[in-house]
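What follows is the content of target36.txt, which has compact mmCIF, C-alpha atoms and all ligand atoms:
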```txt
# COMPACT_ATOMS: atom_id res chain seq x y z
CA MET B 5 19.24 14.87 6.39
CA ALA B 6 17.78 15.65 2.99
CA GLY B 7 15.14 18.18 3.99
CA ASP B 8 12.93 18.07 0.93
CA ALA B 9 10.14 20.58 1.51
CA ARG B 10 7.74 18.34 -0.36
CA GLU B 11 8.12 15.55 2.17
CA VAL B 12 4.90 15.47 4.13
CA VAL B 13 5.75 12.53 6.37
CA GLN B 14 9.26 11.83 7.53
CA VAL B 15 10.17 8.85 9.65
CA ASP B 16 13.74 8.75 10.78
CA SER B 17 15.33 5.72 12.52
CA VAL B 18 12.26 4.93 14.59
CA VAL B 19 12.73 2.14 17.11
CA LYS B 20 9.83 0.75 19.12
CA ASP B 21 10.21 -1.69 21.99
CA PHE B 22 7.27 -3.29 23.74
CA ARG B 23 7.41 -4.93 27.11
CA PRO B 24 4.82 -7.68 26.76
CA GLY B 25 4.38 -8.05 30.53
CA PHE B 26 6.09 -7.95 33.92
CA GLY B 27 9.28 -9.94 33.93
CA LEU B 28 9.09 -10.62 30.22
CA ARG B 29 11.85 -9.67 27.83
CA THR B 30 11.49 -6.45 25.84
CA LYS B 31 10.39 -7.11 22.31
CA ARG B 32 11.76 -4.87 19.56
CA VAL B 33 9.03 -4.37 17.00
CA LEU B 34 10.52 -1.55 14.90
CA HIS B 35 14.25 -1.72 14.22
CA GLY B 36 15.14 1.82 13.11
CA VAL B 37 12.46 2.42 10.52
CA SER B 38 13.06 5.28 8.06
CA PHE B 39 11.01 6.37 5.08
CA SER B 40 9.32 9.46 3.74
CA VAL B 41 6.08 10.31 2.00
CA ARG B 42 5.97 13.12 -0.53
CA GLU B 43 3.24 15.66 -0.98
CA GLY B 44 0.41 14.58 -3.25
CA GLU B 45 1.35 10.93 -3.53
CA ILE B 46 -0.40 7.72 -2.58
CA PHE B 47 2.05 5.79 -0.44
CA GLY B 48 1.58 2.10 0.24
CA PHE B 49 3.04 0.71 3.45
CA VAL B 50 3.15 -3.00 2.82
CA GLY B 51 4.19 -5.97 4.91
CA PRO B 52 3.08 -9.34 6.22
CA ASN B 53 0.98 -9.73 9.37
CA GLY B 54 2.87 -8.60 12.43
CA ALA B 55 5.52 -6.71 10.45
CA GLY B 56 4.98 -3.44 12.31
CA LYS B 57 2.67 -1.47 10.01
CA THR B 58 0.07 -0.57 12.61
CA THR B 59 2.75 0.13 15.20
CA THR B 60 4.41 2.59 12.80
CA LEU B 61 1.10 4.25 12.11
CA LYS B 62 0.37 4.53 15.84
CA VAL B 63 3.71 6.27 16.30
CA LEU B 64 2.81 8.68 13.50
CA MET B 65 -0.59 9.39 15.02
CA GLY B 66 1.01 10.10 18.39
CA LEU B 67 -0.92 7.21 19.97
CA ILE B 68 2.27 5.56 21.17
CA LYS B 69 5.74 7.01 21.67
CA ALA B 70 8.76 5.76 19.75
CA THR B 71 11.53 4.31 21.94
CA SER B 72 13.98 6.32 19.84
CA GLY B 73 14.12 8.09 16.50
CA ARG B 74 11.98 10.85 15.15
CA ALA B 75 8.84 11.22 13.08
CA THR B 76 7.34 14.37 11.62
CA ILE B 77 4.17 15.14 9.72
CA LEU B 78 3.89 18.42 7.80
CA GLY B 79 7.16 19.38 9.41
CA CYS B 80 5.84 19.00 12.97
CA ASP B 81 7.02 16.44 15.48
CA VAL B 82 4.27 13.85 15.93
CA ALA B 83 4.13 14.57 19.65
CA GLN B 84 2.66 17.99 18.84
CA THR B 85 -1.08 18.35 18.47
CA GLU B 86 -1.75 21.47 16.41
CA PHE B 87 -1.04 19.88 13.01
CA ARG B 88 -3.51 17.06 13.67
CA ARG B 89 -6.40 19.15 12.35
CA HIS B 90 -4.81 18.62 8.91
CA ILE B 91 -4.73 14.86 9.07
CA GLY B 92 -7.38 12.17 8.77
CA PHE B 93 -7.05 8.69 10.27
CA LEU B 94 -8.78 5.37 9.75
CA PRO B 95 -7.69 3.01 12.55
CA GLU B 96 -7.26 -0.72 12.03
CA ASN B 97 -10.45 -1.70 13.85
CA PRO B 98 -12.67 1.36 13.96
CA TYR B 99 -15.51 1.25 16.46
CA PHE B 100 -18.73 3.19 16.05
CA TYR B 101 -21.84 3.49 18.19
CA SER B 102 -24.11 0.97 16.59
CA PHE B 103 -27.35 2.74 17.46
CA LEU B 104 -26.47 5.72 15.27
CA THR B 105 -26.94 5.94 11.51
CA ALA B 106 -24.07 6.59 9.08
CA ARG B 107 -25.38 10.09 8.49
CA GLU B 108 -25.58 10.78 12.21
CA ILE B 109 -22.12 9.45 12.92
CA LEU B 110 -20.50 11.43 10.10
CA ASN B 111 -22.35 14.52 11.22
CA PHE B 112 -21.09 13.91 14.75
CA TYR B 113 -17.46 13.58 13.63
CA ALA B 114 -17.79 16.60 11.35
CA LYS B 115 -19.03 18.64 14.29
CA LEU B 116 -16.30 17.26 16.54
CA SER B 117 -13.60 18.22 14.10
CA GLY B 118 -14.91 21.72 13.61
CA VAL B 119 -16.62 21.58 10.22
CA PRO B 120 -18.77 24.76 10.15
CA SER B 121 -22.48 23.96 10.41
CA ALA B 122 -23.27 25.70 7.12
CA GLY B 123 -21.32 23.23 5.02
CA ARG B 124 -21.72 20.18 7.23
CA ARG B 125 -24.78 18.61 5.62
CA ASP B 126 -23.30 18.89 2.12
CA ARG B 127 -19.98 17.48 3.25
CA VAL B 128 -21.67 14.48 4.83
CA ASP B 129 -23.78 13.87 1.71
CA THR B 130 -20.71 14.07 -0.49
CA LEU B 131 -18.82 11.57 1.64
CA LEU B 132 -21.75 9.15 1.78
CA ASN B 133 -21.81 9.31 -2.00
CA TRP B 134 -18.05 8.77 -2.34
CA VAL B 135 -18.05 5.63 -0.24
CA GLY B 136 -21.26 4.28 -1.78
CA LEU B 137 -23.43 4.44 1.33
CA GLU B 138 -26.16 6.82 0.19
CA HIS B 139 -28.77 4.08 0.11
CA ALA B 140 -28.04 3.03 3.70
CA ALA B 141 -27.29 6.46 5.15
CA ASP B 142 -30.27 6.43 7.48
CA ALA B 143 -30.03 2.86 8.71
CA ARG B 144 -28.49 2.15 12.12
CA LEU B 145 -24.92 0.91 12.01
CA ARG B 146 -25.85 -2.28 13.84
CA THR B 147 -27.61 -3.36 10.65
CA TYR B 148 -24.45 -2.78 8.61
CA SER B 149 -22.18 -5.43 7.13
CA LYS B 150 -18.43 -5.40 7.87
CA GLY B 151 -17.69 -3.80 4.51
CA MET B 152 -20.29 -1.09 5.08
CA LEU B 153 -18.75 -0.25 8.47
CA GLN B 154 -15.34 -0.06 6.81
CA ARG B 155 -16.75 2.53 4.40
CA VAL B 156 -18.10 4.56 7.30
CA GLY B 157 -14.57 4.46 8.71
CA VAL B 158 -13.06 5.79 5.50
CA ALA B 159 -15.68 8.56 5.26
CA GLN B 160 -15.06 9.46 8.91
CA ALA B 161 -11.37 10.00 8.17
CA LEU B 162 -12.27 12.61 5.56
CA VAL B 163 -15.00 14.72 7.20
CA HIS B 164 -12.77 17.71 7.93
CA ASN B 165 -11.15 17.72 4.48
CA PRO B 166 -7.66 16.88 5.77
CA ARG B 167 -4.47 17.40 3.76
CA VAL B 168 -2.89 14.08 4.71
CA ILE B 169 -4.91 10.91 5.17
CA PHE B 170 -3.67 7.81 7.01
CA LEU B 171 -5.58 4.60 6.40
CA ASP B 172 -4.86 1.33 8.21
CA GLU B 173 -6.08 -1.47 5.93
CA PRO B 174 -8.80 0.55 4.18
CA MET B 175 -9.80 -2.36 1.92
CA SER B 176 -10.11 -4.83 4.79
CA GLY B 177 -13.33 -6.82 4.63
CA LEU B 178 -14.43 -5.33 1.32
CA ASP B 179 -15.52 -7.30 -1.73
CA PRO B 180 -13.91 -6.51 -5.11
CA LEU B 181 -16.50 -3.84 -5.91
CA GLY B 182 -16.12 -2.27 -2.50
CA ARG B 183 -12.35 -2.23 -2.92
CA LYS B 184 -12.71 -0.49 -6.23
CA GLU B 185 -14.91 2.15 -4.62
CA ILE B 186 -12.31 2.81 -1.95
CA ARG B 187 -9.55 2.91 -4.57
CA ASP B 188 -11.62 5.48 -6.45
CA VAL B 189 -11.99 7.55 -3.29
CA VAL B 190 -8.23 7.42 -2.74
CA LEU B 191 -7.55 8.42 -6.35
CA ARG B 192 -10.03 11.27 -6.01
CA LEU B 193 -8.15 12.49 -2.94
CA LYS B 194 -4.94 12.42 -4.93
CA ARG B 195 -6.54 14.46 -7.72
CA GLU B 196 -7.50 17.00 -5.10
CA GLY B 197 -3.83 17.25 -4.15
CA LYS B 198 -4.08 15.30 -0.88
CA THR B 199 -1.43 12.92 0.37
CA VAL B 200 -2.55 9.41 1.27
CA PHE B 201 -0.63 6.90 3.38
CA MET B 202 -2.11 3.44 3.54
CA ASN B 203 -1.20 0.24 5.31
CA THR B 204 -2.27 -2.79 3.41
CA HIS B 205 -1.39 -6.29 2.37
CA ILE B 206 -3.68 -6.34 -0.66
CA LEU B 207 -0.91 -6.07 -3.20
CA SER B 208 -3.06 -5.72 -6.29
CA ASP B 209 -4.65 -2.57 -4.83
CA VAL B 210 -1.21 -1.19 -4.09
CA GLU B 211 -0.06 -1.89 -7.64
CA MET B 212 -3.09 -0.19 -9.06
CA ILE B 213 -3.00 3.07 -7.15
CA CYS B 214 0.19 3.63 -5.17
CA ASP B 215 2.88 5.96 -6.47
CA ARG B 216 5.49 4.60 -4.10
CA VAL B 217 5.69 1.86 -1.54
CA ALA B 218 7.76 0.75 1.39
CA ILE B 219 7.92 -2.92 2.28
CA ILE B 220 8.41 -3.68 5.96
CA VAL B 221 9.29 -7.16 7.20
CA ASP B 222 9.95 -7.92 10.88
CA GLY B 223 10.21 -4.25 11.73
CA VAL B 224 12.82 -3.53 9.05
CA ILE B 225 12.19 -1.61 5.81
CA ARG B 226 13.33 -3.84 2.97
CA TYR B 227 12.38 -1.71 -0.02
CA GLN B 228 11.32 1.84 -0.57
CA GLY B 229 10.53 3.53 -3.83
CA ARG B 230 8.47 3.19 -6.98
CA ILE B 231 7.60 -0.39 -7.84
CA GLU B 232 9.37 -0.08 -11.21
CA ASP B 233 12.53 1.12 -9.53
CA PHE B 234 12.90 -2.08 -7.55
CA LEU B 235 13.85 -3.82 -10.72
CA ILE B 236 17.26 -3.52 -12.15
CA GLU B 237 17.52 -3.41 -15.92
CA ASP B 238 18.68 -7.00 -16.11
CA GLU B 239 15.52 -8.26 -14.47
CA LEU B 240 13.09 -6.88 -17.02
CA TRP B 241 11.61 -9.64 -19.11
CA SER B 242 9.41 -9.82 -22.18
CA ASP B 243 7.11 -12.55 -23.41
CA VAL B 244 7.24 -13.32 -27.12
CA VAL B 245 4.63 -15.62 -28.63
CA LEU B 246 5.68 -17.20 -31.91
CA SER B 247 4.28 -19.74 -34.27
CA GLY B 248 6.12 -21.93 -36.72
CA LEU B 249 9.47 -21.73 -34.98
CA SER B 250 11.75 -24.44 -36.35
CA VAL B 251 13.54 -26.87 -34.08
CA GLU B 252 16.93 -25.47 -35.16
CA ALA B 253 15.89 -21.92 -34.34
CA THR B 254 14.46 -23.05 -31.02
CA THR B 255 17.72 -24.71 -30.10
CA HIS B 256 19.70 -21.69 -31.26
CA ILE B 257 17.66 -19.33 -29.07
CA GLU B 258 17.76 -21.73 -26.17
CA GLU B 259 21.55 -21.95 -26.33
CA ALA B 260 22.33 -18.31 -27.04
CA PHE B 261 19.97 -16.66 -24.54
CA ASP B 262 18.73 -17.30 -21.07
CA ALA B 263 15.27 -18.02 -22.51
CA ARG B 264 12.37 -19.86 -20.90
CA PHE B 265 10.07 -21.75 -23.21
CA HIS B 266 6.41 -22.62 -22.72
CA GLY B 267 3.96 -24.37 -24.99
CA VAL B 268 4.34 -27.06 -27.53
CA GLY B 269 3.69 -27.45 -31.21
CA GLU B 270 2.73 -24.44 -33.28
CA ARG B 271 2.52 -21.82 -30.55
CA ILE B 272 5.58 -21.19 -28.47
CA GLU B 273 5.91 -18.62 -25.74
CA ILE B 274 9.40 -17.51 -24.86
CA ARG B 275 10.33 -15.34 -21.91
CA ILE B 276 13.53 -13.45 -22.61
CA ARG B 277 15.37 -10.53 -21.13
CA ASP B 278 14.32 -7.19 -22.58
CA LYS B 279 17.80 -6.55 -23.89
CA ASP B 280 17.64 -9.73 -26.00
CA VAL B 281 14.29 -9.03 -27.67
CA SER B 282 15.65 -7.69 -30.99
CA ALA B 283 18.20 -10.45 -31.40
CA VAL B 284 15.70 -13.21 -30.65
CA LEU B 285 13.10 -11.73 -33.01
CA GLN B 286 15.68 -11.50 -35.80
CA ILE B 287 16.59 -15.17 -35.43
CA ALA B 288 12.94 -16.20 -35.27
CA LEU B 289 11.87 -14.15 -38.28
CA ALA B 290 14.88 -15.26 -40.34
CA ALA B 291 13.86 -18.85 -39.58
CA GLY B 292 10.39 -18.18 -40.97
CA ALA B 293 8.49 -17.95 -37.68
CA GLU B 294 5.57 -15.60 -37.23
CA VAL B 295 5.32 -13.21 -34.31
CA ILE B 296 1.91 -13.45 -32.66
CA SER B 297 2.53 -11.09 -29.78
CA LEU B 298 5.18 -9.34 -27.78
CA SER B 299 4.56 -8.00 -24.33
CA GLN B 300 6.64 -6.80 -21.46
CA HIS B 301 6.37 -9.08 -18.47
CA ARG B 302 5.50 -6.98 -15.43
CA VAL B 303 7.19 -8.22 -12.33
CA SER B 304 4.43 -8.03 -9.79
CA LEU B 305 4.67 -6.50 -6.39
CA GLU B 306 3.89 -9.95 -5.10
CA THR B 307 7.21 -11.23 -6.44
CA ILE B 308 9.06 -8.39 -4.75
CA PHE B 309 7.09 -8.88 -1.57
CA ILE B 310 7.72 -12.60 -1.32
CA ASP B 311 11.36 -12.04 -2.15
CA ALA B 312 11.63 -9.49 0.68
CA VAL B 313 10.01 -11.86 3.17
CA GLU B 314 12.16 -14.80 2.11
CA ARG B 315 15.37 -12.79 2.26
CA SER B 316 14.43 -11.66 5.72
CA GLU B 317 13.85 -15.24 6.81
CA GLY B 318 17.36 -15.99 5.58
CA GLY B 319 18.91 -13.51 8.02
CA GLY B 320 18.30 -10.29 9.95
CA GLY B 321 15.43 -9.52 12.30
CA GLU B 322 17.49 -9.68 15.48
CA SER B 323 15.75 -8.79 18.71
N1 LIG M 401 1.10 -3.36 22.68
C1 LIG M 401 1.88 -4.34 22.26
N2 LIG M 401 2.59 -5.09 23.12
C2 LIG M 401 3.41 -6.08 22.69
N3 LIG M 401 3.58 -6.39 21.40
C3 LIG M 401 2.89 -5.69 20.49
C4 LIG M 401 2.01 -4.62 20.86
N4 LIG M 401 1.47 -4.10 19.73
C5 LIG M 401 2.00 -4.79 18.72
N5 LIG M 401 2.84 -5.74 19.16
C6 LIG M 401 3.61 -6.67 18.33
O1 LIG M 401 4.29 -5.92 17.36
C7 LIG M 401 4.37 -6.62 16.14
C8 LIG M 401 3.85 -5.75 15.02
O2 LIG M 401 2.46 -5.55 15.18
P1 LIG M 401 1.63 -4.62 14.21
O3 LIG M 401 0.24 -4.58 14.72
O4 LIG M 401 2.33 -3.33 14.05
O5 LIG M 401 1.72 -5.44 12.85
P2 LIG M 401 1.02 -5.16 11.45
O6 LIG M 401 2.11 -5.06 10.44
O7 LIG M 401 0.08 -4.02 11.53
O8 LIG M 401 0.24 -6.54 11.18
P3 LIG M 401 -1.23 -6.83 10.54
O9 LIG M 401 -1.00 -6.95 9.05
O10 LIG M 401 -1.58 -8.15 11.11
O11 LIG M 401 -2.14 -5.73 10.92
C9 LIG M 401 3.59 -7.91 16.34
O12 LIG M 401 4.51 -8.94 16.61
C10 LIG M 401 2.74 -7.63 17.55
O13 LIG M 401 2.51 -8.79 18.27
MG MG M 402 -1.94 -3.86 11.33
```
Full structure transcribed into C-alpha cells:
Amino acid sequence: MAGDAREVVQVDSVVKDFRPGFGLRTKRVLHGVSFSVREGEIFGFVGPNGAGKTTTLKVLMGLIKATSGRATILGCDVAQTEFRRHIGFLPENPYFYSFLTAREILNFYAKLSGVPSAGRRDRVDTLLNWVGLEHAADARLRTYSKGMLQRVGVAQALVHNPRVIFLDEPMSGLDPLGRKEIRDVVLRLKREGKTVFMNTHILSDVEMICDRVAIIVDGVIRYQGRIEDFLIEDELWSDVVLSGLSVEATTHIEEAFDARFHGVGERIEIRIRDKDVSAVLQIALAAGAEVISLSQHRVSLETIFIDAVERSEGGGGES
C-alpha cells in the first residue's frame, strides 16, 4: 500500500452487499472500490444514477458498514468517531425543521458541533454570505425554494470549519447562478487549504473546479486521476480553421492525415491530431491558404463519462 501522508481519504477494495428483503438475492452494489483523495484537492466522484456514489459516501461517513475492504479518513478507520469533528457532510436529501429560519438552523448546528459561542454569530453570518442567503436569513425554511434549502445544507456542512468536506450532489436543484455560487464556495474552501469530496453528475461543474475525479459505473471505478491524464497523447486533437484552401491541398491533407473536415466554401475547419498540426499547417500555407484560428480541442469529461458507461455496458458489472 502506498501510504502517502497527503492522502486524506483512502478507500481500499470496498465491497458493499445489500439484501433487498427477506428471501431476496444479495445485491452487490460496490465491487471492490478503491481510490484516494489528496490533501487540499477538490475531488469529483462522478457516475450515473445508481452507480454507487451515495453508498460509497455512506460507508465513508460510517453510516453503513462495508461488507469487506477498508476506508480511512485522516488516517482513521471510518468506524471510529473522534476524527468526525474534522469533517463536514452534506447528505443527498438533507432535511431541516421547516419552522426554523436559516440563521436559527445554522446557529443550532454550530452549537451542536461545538463552535464556541463567542465566534458563533460571526461564523453563521459568514456562511449565510458565502451561500448567498443573507437576504432570506430570517425567513422560515418552509418558505424556501429547493435551491435555497440546498444552500442551507451546504452552509450546515461548514459550520464547524472542518478540514475535509463531503458533499453529496451539492449543485442539485440549483439554477446556473446558484451552481456558480456553490462552486465559488468550494473554491474558497480549497484556497483555505480544505479538502473537498463531492458526488455529482453535473459534469461541467466537475470540469470547472475538480482537481481529480473518479468515475464509478455499476459499482466499479472506471477512471481515476486528472481529467487531462485520461487522454493518451494520440487522442489530443486540434481544430484548425482555414480559408482559401485549394482542392488539391484539401485532398492531400485528407489522404495524408486522419483529418476530419467541416464547412464548405471559403472557411474550412479541420480537426487533426496534435502531432500533425505543423505538417498540416505547412501544406496549407504553402498552398496559399490563410490560417484563421488554431485551437486545441478539449475532450470533455462528458466524452470520457459516456465512454466509461458504454464500455461497462459491453461487459463487467457481475453480481
Ligand atoms: N439500502 C439499500 N438496499 C438495497 N439496495 C440499495 C440500498 N441503497 C442503495 N441501493 C442500491 O445501490 C445502488 C447504488 O445506489 P446509490 O444511491 O449509491 O447510487 P448513486 O450513485 O448515489 O445514484 P444517484 O446519482 O441516483 O444518487 C442502486 O442500485 C440502489 O438501488
Ligand atoms: Mg446518490
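For the atom pair formed by atom CA of B:His90 and atom CA of B:Arg167, the distance is 5.3 Å, given to one decimal.
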Nearby polymer residues, ligand LIG 401 (chain M), at most 7 Å, all atoms listed in the file, as an MDAnalysis selection string: chainID B and resid 22:24 31 33 51:60 205
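Residues in contact range of stretch 148-156 of chain B, defined as at most 8 Å between all atoms listed in the file, with sequence neighbours fewer than 4 positions away removed, read Pro98, Ala106, Leu110, Val135, Gly136, Leu137, Ala143, Arg144, Gln160, Pro174, Met175, Ser176, Gly177, Leu178, Asp179, Gly182 and Ile186 of chain B.
Atom pair atom CA of B:Ser242 / atom CA of B:Ile310 has a distance of 21.1 Å (rounded to one decimal).
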From the set B:Gly66, B:Gly73, B:Gly197, B:Gly36, which residue has the shortest atom-to-atom contact distance to B:Val168, counting only C-alpha atoms? B:Gly197
For stretch 117-133 of chain B: contacts at 7 Å, all atoms listed in the file, fewer than 4 positions along chain excluded, given as a PyMOL selection string: chain B and resi 107+110-111+113+137-138+159+163-164
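Of the residues listed (B:Asp222, B:Asp243, B:Glu306, B:Asp172), B:Asp172 shows the shortest atom-to-atom separation from ligand MG 402 (chain M); distances use all atoms listed in the file.
Each of B:Phe100, B:Phe49, B:Phe93, B:Phe265 was checked against ligand MG 402 (chain M) using all atoms listed in the file; the smallest atom-to-atom distance is that of B:Phe49.
When all atoms listed in the file are used to compute distances to B:Val13, the closest of the residues B:Glu252, B:Asp142, B:Glu314, B:Glu43 turns out to be B:Glu43.
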In Å, with one decimal, what is the gap from atom CA of B:Arg10 to atom CA of B:Ile231? 20.2 Å
Please write as a short mmCIF file (atom, residue, chain, number, x, y, z; two decimals) with C-alpha atoms, keeping the file's coordinate frame the list of polymer residues whose atoms come within 8 Å of (8.2, 15.3, 0.3), counting only C-alpha atoms and keeping to the coordinates of the file.
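The result, written out as out_10.cif:
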```
data_model
loop_
_atom_site.label_atom_id
_atom_site.label_comp_id
_atom_site.auth_asym_id
_atom_site.auth_seq_id
_atom_site.Cartn_x
_atom_site.Cartn_y
_atom_site.Cartn_z
CA ASP B 8 12.93 18.07 0.93
CA ALA B 9 10.14 20.58 1.51
CA ARG B 10 7.74 18.34 -0.36
CA GLU B 11 8.12 15.55 2.17
CA VAL B 12 4.90 15.47 4.13
CA VAL B 13 5.75 12.53 6.37
CA SER B 40 9.32 9.46 3.74
CA VAL B 41 6.08 10.31 2.00
CA ARG B 42 5.97 13.12 -0.53
CA GLU B 43 3.24 15.66 -0.98
#
```
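When all atoms listed in the file are used to compute distances to B:Asp16, the closest of the residues B:Ile225, B:Gly92, B:Thr30, B:Ala141 turns out to be B:Ile225.
Here the question is which of B:Val15, B:Ala114, B:Met202, B:Ile46 gets nearest to B:Ala70 using only C-alpha atoms, and that residue is B:Val15.
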